[in-house]
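Chemist: Pasting in a structure now, in structure tokens, and then I'll have a few things to ask.
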Amino acid sequence: MANVAVCVLGSLGYDRAAQGAAGAGRALAESLGGELHVLVIGPAGDEAIAALATVADRVVIGSNEALRDYQPEQALQAAEQLHAAGGGDYVAVLLSNDTYSQEIAPRLAHRLGGSSMADAAAIRMDGDHLLAQRTAYGGKAISIYRLKKQPAVVWLRARGFEPAPEQASPGDVTTVDLALDPPRIRITGREVAAQEGVRLEDAQVIVSGGRGLGGPEPFQELKKLADAIGAEQGASRAACDAGWVPPNWQVGQTGKKVAPELYIAIAISGASQHLLGMGDSKVVAAINTDADAPIFKHCSFGIVEDYKQVVPLLTDKLQAMTG
């Protein structure tokens, strides 16, 4: 039987990214006539475990006090041991799109003697090999890779996959005590970025601003618009690099990859780096003074106008509708 594993960090719980990974894993397992197993690195809440059990045939939780605070070496050891505890015969090990998964995926593939792929937007089997699809050249082309060594260790694009359906009966849940080596890296401190509202990766609506806003003050106007429609705020790399907004607002190839139902790009030209981060948005609306801006080739609705003439009017209309 060819089984598929999804590896998640217990501290993140069953978030939207993990739901997508589980959905991709379930579809792949069914195509192989196998099972879906979820390997949980470290402690997770009862609610998250219960949710995972409703979509998986088996949930294996790795227990060790060292896993309460993330350290890459311990997480890597845990993933390797959980792979063996789950059966070790997986065709693929799937991870979600978060910094931790991106950090351990290639190293895990090396330890398991498999293949690794990053930022996959689609996966499927072709005979005995996994095919992984991802964008190339800043989103201008699509590449398909054949991963010849099993297991294929792949982290998936954020919100690129539908959540797994609930099963008729919950899967088995087991806990495994892990033996981990002492860390070789000592963490001397942690700085957690302030987070208000929903994470950008999980947001249904995002209002983003770019270099064309000219400074930090206009983002306050965009906040009024975002508040009127219950949206989260994002920004282009240029706006973040200029210090106008926090770095964790950045959408793009080197920032957050998002897939909201609605993405509103204001004063963003639409460079390939930014398009790669928001390309999975269901609907894109853009406001820009440049009629030839690349963003207009990738949006469903566009207004060629100074945002100062549009955003206040739009905000007033929306506030009147929702108020």
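Each chain of the structure tokens is named A, B, ... in the order shown, its residues numbered from 1; ligands are numbered from 1 in display order.
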Can you tell me, as a list in words, which residues in region 77-173 of chain A count as alpha helix (DSSP H) by DSSP?
Modeler: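 Those residues are Gln77, Ala78, Ala79, Glu80, Gln81, Leu82, His83, Ala84, Ala85, Gly86, Thr99, Tyr100, Ser101, Gln102, Glu103, Ile104, Ala105, Pro106, Arg107, Leu108, Ala109, His110, Arg111 and Leu112 of chain A.
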Chemist: Mind listing the strand (DSSP E or B) residues of region 99-279 of chain A, per DSSP on the backbone, as a ChimeraX atom specification?
Modeler: /A:115-120,122-126,129-136,141-147,152-156,172-177,205-209,232-235,250-251,256,262-266
Chemist: Restricting it to C-alpha atoms, dump the selection as a PDB file, in the first residue's frame.
Modeler:
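Below you can see selection.pdb, which holds the result:
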ATOM      1  CA  SER A 115      13.778  14.100  -3.355  1.00  0.00           C
ATOM      2  CA  SER A 116      12.804  17.631  -2.376  1.00  0.00           C
ATOM      3  CA  MET A 117      10.707  20.315  -4.048  1.00  0.00           C
ATOM      4  CA  ALA A 118       9.653  23.772  -2.898  1.00  0.00           C
ATOM      5  CA  ASP A 119       6.524  25.860  -3.465  1.00  0.00           C
ATOM      6  CA  ALA A 120       4.550  23.260  -5.398  1.00  0.00           C
ATOM      7  CA  ALA A 122       0.054  21.101  -7.928  1.00  0.00           C
ATOM      8  CA  ILE A 123       1.133  17.500  -7.409  1.00  0.00           C
ATOM      9  CA  ARG A 124       0.174  14.151  -8.952  1.00  0.00           C
ATOM     10  CA  MET A 125       1.601  10.720  -9.546  1.00  0.00           C
ATOM     11  CA  ASP A 126       2.935   9.584 -12.916  1.00  0.00           C
ATOM     12  CA  HIS A 129       7.158   9.132  -9.596  1.00  0.00           C
ATOM     13  CA  LEU A 130       5.630  12.291  -8.178  1.00  0.00           C
ATOM     14  CA  LEU A 131       5.180  15.225 -10.546  1.00  0.00           C
ATOM     15  CA  ALA A 132       5.290  18.649  -8.892  1.00  0.00           C
ATOM     16  CA  GLN A 133       4.241  21.840 -10.652  1.00  0.00           C
ATOM     17  CA  ARG A 134       5.574  25.282  -9.740  1.00  0.00           C
ATOM     18  CA  THR A 135       6.059  28.654 -11.376  1.00  0.00           C
ATOM     19  CA  ALA A 136       9.356  29.790 -12.857  1.00  0.00           C
ATOM     20  CA  ALA A 141       6.233  30.248 -16.849  1.00  0.00           C
ATOM     21  CA  ILE A 142       5.173  26.931 -15.322  1.00  0.00           C
ATOM     22  CA  SER A 143       7.633  24.096 -14.728  1.00  0.00           C
ATOM     23  CA  ILE A 144       6.831  20.462 -13.973  1.00  0.00           C
ATOM     24  CA  TYR A 145       9.411  18.406 -12.106  1.00  0.00           C
ATOM     25  CA  ARG A 146       9.644  14.626 -11.845  1.00  0.00           C
ATOM     26  CA  LEU A 147      10.905  13.570  -8.419  1.00  0.00           C
ATOM     27  CA  ALA A 152       9.157  13.068  -2.340  1.00  0.00           C
ATOM     28  CA  VAL A 153       9.416  15.725   0.390  1.00  0.00           C
ATOM     29  CA  VAL A 154       7.469  18.743  -0.854  1.00  0.00           C
ATOM     30  CA  TRP A 155       6.289  21.945   0.767  1.00  0.00           C
ATOM     31  CA  LEU A 156       3.184  23.334  -0.855  1.00  0.00           C
ATOM     32  CA  ASP A 172      -6.309   6.515  14.944  1.00  0.00           C
ATOM     33  CA  VAL A 173      -4.301   8.859  17.164  1.00  0.00           C
ATOM     34  CA  THR A 174      -1.053   7.644  18.725  1.00  0.00           C
ATOM     35  CA  THR A 175       1.695   9.406  20.645  1.00  0.00           C
ATOM     36  CA  VAL A 176       5.341   8.472  20.249  1.00  0.00           C
ATOM     37  CA  ASP A 177       8.064   9.438  22.726  1.00  0.00           C
ATOM     38  CA  VAL A 205      -9.613  39.931   1.669  1.00  0.00           C
ATOM     39  CA  ILE A 206      -6.369  41.930   1.471  1.00  0.00           C
ATOM     40  CA  VAL A 207      -5.801  45.625   0.733  1.00  0.00           C
ATOM     41  CA  SER A 208      -2.186  46.216  -0.343  1.00  0.00           C
ATOM     42  CA  GLY A 209      -0.285  49.417  -0.995  1.00  0.00           C
ATOM     43  CA  GLU A 232      -6.127  42.691   6.260  1.00  0.00           C
ATOM     44  CA  GLN A 233      -3.404  45.025   5.038  1.00  0.00           C
ATOM     45  CA  GLY A 234      -0.453  44.087   2.889  1.00  0.00           C
ATOM     46  CA  ALA A 235       2.260  45.904   0.968  1.00  0.00           C
ATOM     47  CA  GLN A 250       5.217  42.117   2.498  1.00  0.00           C
ATOM     48  CA  VAL A 251       3.499  40.141  -0.243  1.00  0.00           C
ATOM     49  CA  LYS A 256       4.113  36.224   2.068  1.00  0.00           C
ATOM     50  CA  LEU A 262     -10.216  39.409  -3.086  1.00  0.00           C
ATOM     51  CA  TYR A 263      -6.876  41.210  -3.430  1.00  0.00           C
ATOM     52  CA  ILE A 264      -6.933  44.992  -3.869  1.00  0.00           C
ATOM     53  CA  ALA A 265      -3.631  46.377  -5.178  1.00  0.00           C
ATOM     54  CA  ILE A 266      -3.318  50.133  -4.731  1.00  0.00           C
TER      55      ILE A 266
END
Chemist: What lies within 9 Å of Pro216 (chain A) using only C-alpha atoms, ignoring chain neighbours under 3 positions off, as a list in words?
Modeler: Leu213, Phe219, Gln220, Ala239, Ala242, Gly243, Trp244 and Val245 of chain A
Chemist: Write a file of the just-selected residues containing C-alpha atoms, as a tab-separated table (two decimals), in the first residue's frame.
Modeler:
chain	number	residue	atom	x	y	z
A	213	LEU	CA	1.63	55.80	-2.22
A	219	PHE	CA	-1.51	53.54	4.57
A	220	GLN	CA	-3.80	55.07	7.19
A	239	ALA	CA	6.95	49.88	0.73
A	242	ALA	CA	11.32	51.89	2.79
A	243	GLY	CA	10.15	51.29	6.36
A	244	TRP	CA	6.65	52.62	5.72
A	245	VAL	CA	5.00	49.44	7.06
Chemist: For region 44-55 of chain A, please output as number ranges by chain all residues within 10 Å (counting only C-alpha atoms; exclusion window: fewer than 5 positions along the same chain).
Modeler: A: 8-15, 18-19, 22-23, 26, 36-39, 60-63, 68, 163-173
Chemist: Can I get the selection written as a PDB file, in the first residue's frame, with C-alpha atoms?
Modeler:
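Final output, again_3.pdb:
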ATOM      1  CA  VAL A   8       2.833  19.657  10.611  1.00  0.00           C
ATOM      2  CA  LEU A   9       4.164  21.586  13.586  1.00  0.00           C
ATOM      3  CA  GLY A  10       2.011  21.120  16.644  1.00  0.00           C
ATOM      4  CA  SER A  11       2.524  24.746  17.690  1.00  0.00           C
ATOM      5  CA  LEU A  12       0.825  25.951  14.487  1.00  0.00           C
ATOM      6  CA  GLY A  13      -2.147  23.644  14.893  1.00  0.00           C
ATOM      7  CA  TYR A  14      -4.505  22.820  12.053  1.00  0.00           C
ATOM      8  CA  ASP A  15      -4.237  26.202  10.328  1.00  0.00           C
ATOM      9  CA  ALA A  18      -2.058  22.624   7.117  1.00  0.00           C
ATOM     10  CA  GLN A  19      -5.617  22.150   5.876  1.00  0.00           C
ATOM     11  CA  ALA A  22      -3.973  17.627   4.215  1.00  0.00           C
ATOM     12  CA  GLY A  23      -6.277  18.162   1.231  1.00  0.00           C
ATOM     13  CA  ARG A  26      -5.803  13.032   0.788  1.00  0.00           C
ATOM     14  CA  LEU A  36      -3.172   9.606   4.657  1.00  0.00           C
ATOM     15  CA  HIS A  37      -1.107   9.910   7.818  1.00  0.00           C
ATOM     16  CA  VAL A  38      -0.453  13.171   9.672  1.00  0.00           C
ATOM     17  CA  LEU A  39       2.841  13.429  11.556  1.00  0.00           C
ATOM     18  CA  VAL A  60       1.107  10.251  14.946  1.00  0.00           C
ATOM     19  CA  ILE A  61       2.164  12.823  17.560  1.00  0.00           C
ATOM     20  CA  GLY A  62       5.829  13.234  18.458  1.00  0.00           C
ATOM     21  CA  SER A  63       6.277  13.926  22.167  1.00  0.00           C
ATOM     22  CA  ARG A  68       7.686  23.073  22.736  1.00  0.00           C
ATOM     23  CA  PRO A 163      -8.937  21.446   2.628  1.00  0.00           C
ATOM     24  CA  ALA A 164      -9.360  17.709   3.076  1.00  0.00           C
ATOM     25  CA  PRO A 165     -12.936  16.455   3.481  1.00  0.00           C
ATOM     26  CA  GLU A 166     -13.911  14.914   6.800  1.00  0.00           C
ATOM     27  CA  GLN A 167     -13.933  11.115   6.892  1.00  0.00           C
ATOM     28  CA  ALA A 168     -16.840   8.965   8.010  1.00  0.00           C
ATOM     29  CA  SER A 169     -14.903   7.925  11.126  1.00  0.00           C
ATOM     30  CA  PRO A 170     -11.909   9.592  12.796  1.00  0.00           C
ATOM     31  CA  GLY A 171      -8.442   8.144  12.276  1.00  0.00           C
ATOM     32  CA  ASP A 172      -6.309   6.515  14.944  1.00  0.00           C
ATOM     33  CA  VAL A 173      -4.301   8.859  17.164  1.00  0.00           C
TER      34      VAL A 173
END
Chemist: With only C-alpha atoms counted and 8 Å as the cut-off, give the residues of region 102-163 of chain A in contact with region 77-89 of chain A, each with its shortest interatomic distance in Å and the pair that gives it, as a Markdown table.
Modeler:
| residue | atom | partner | partner_atom | distance |
| --- | --- | --- | --- | --- |
| A:Leu108 | CA | A:Glu80 | CA | 6.8 |
| A:Arg111 | CA | A:Glu80 | CA | 7.4 |
| A:Leu112 | CA | A:Glu80 | CA | 7.3 |
| A:Pro151 | CA | A:Asp89 | CA | 8.0 |
Chemist: Pull N, CA, C and O atoms from the residues just selected and write them as a PDB file, in the first residue's frame.
Modeler:
ATOM      1  N   LEU A 108      15.267  17.066   5.408  1.00  0.00           N
ATOM      2  CA  LEU A 108      14.542  15.830   5.670  1.00  0.00           C
ATOM      3  C   LEU A 108      14.626  14.892   4.465  1.00  0.00           C
ATOM      4  O   LEU A 108      14.817  13.679   4.621  1.00  0.00           O
ATOM      5  N   ARG A 111      17.946  13.148   4.524  1.00  0.00           N
ATOM      6  CA  ARG A 111      18.038  12.109   5.550  1.00  0.00           C
ATOM      7  C   ARG A 111      17.235  10.864   5.186  1.00  0.00           C
ATOM      8  O   ARG A 111      17.598   9.751   5.560  1.00  0.00           O
ATOM      9  N   LEU A 112      16.141  11.068   4.472  1.00  0.00           N
ATOM     10  CA  LEU A 112      15.285   9.932   4.110  1.00  0.00           C
ATOM     11  C   LEU A 112      15.682   9.314   2.778  1.00  0.00           C
ATOM     12  O   LEU A 112      15.081   8.325   2.348  1.00  0.00           O
ATOM     13  N   PRO A 151      11.037   8.991  -0.432  1.00  0.00           N
ATOM     14  CA  PRO A 151       9.814   9.782  -0.563  1.00  0.00           C
ATOM     15  C   PRO A 151      10.091  11.149  -1.174  1.00  0.00           C
ATOM     16  O   PRO A 151      11.193  11.689  -1.036  1.00  0.00           O
TER      17      PRO A 151
END
Chemist: Pick the closest to Pro260 (chain A) from A:Ala286, A:Ile229, A:Leu200, A:Ala29: which is it, counting only C-alpha atoms?
Modeler: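 For Pro260 (chain A), the nearest of the candidates is A:Leu200.
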Chemist: May I ask for the distance between CA of Gly189 (chain A) and CA of Ala105 (chain A), given in Å to one decimal place?
Modeler: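 A separation of 24.2 Å between them.
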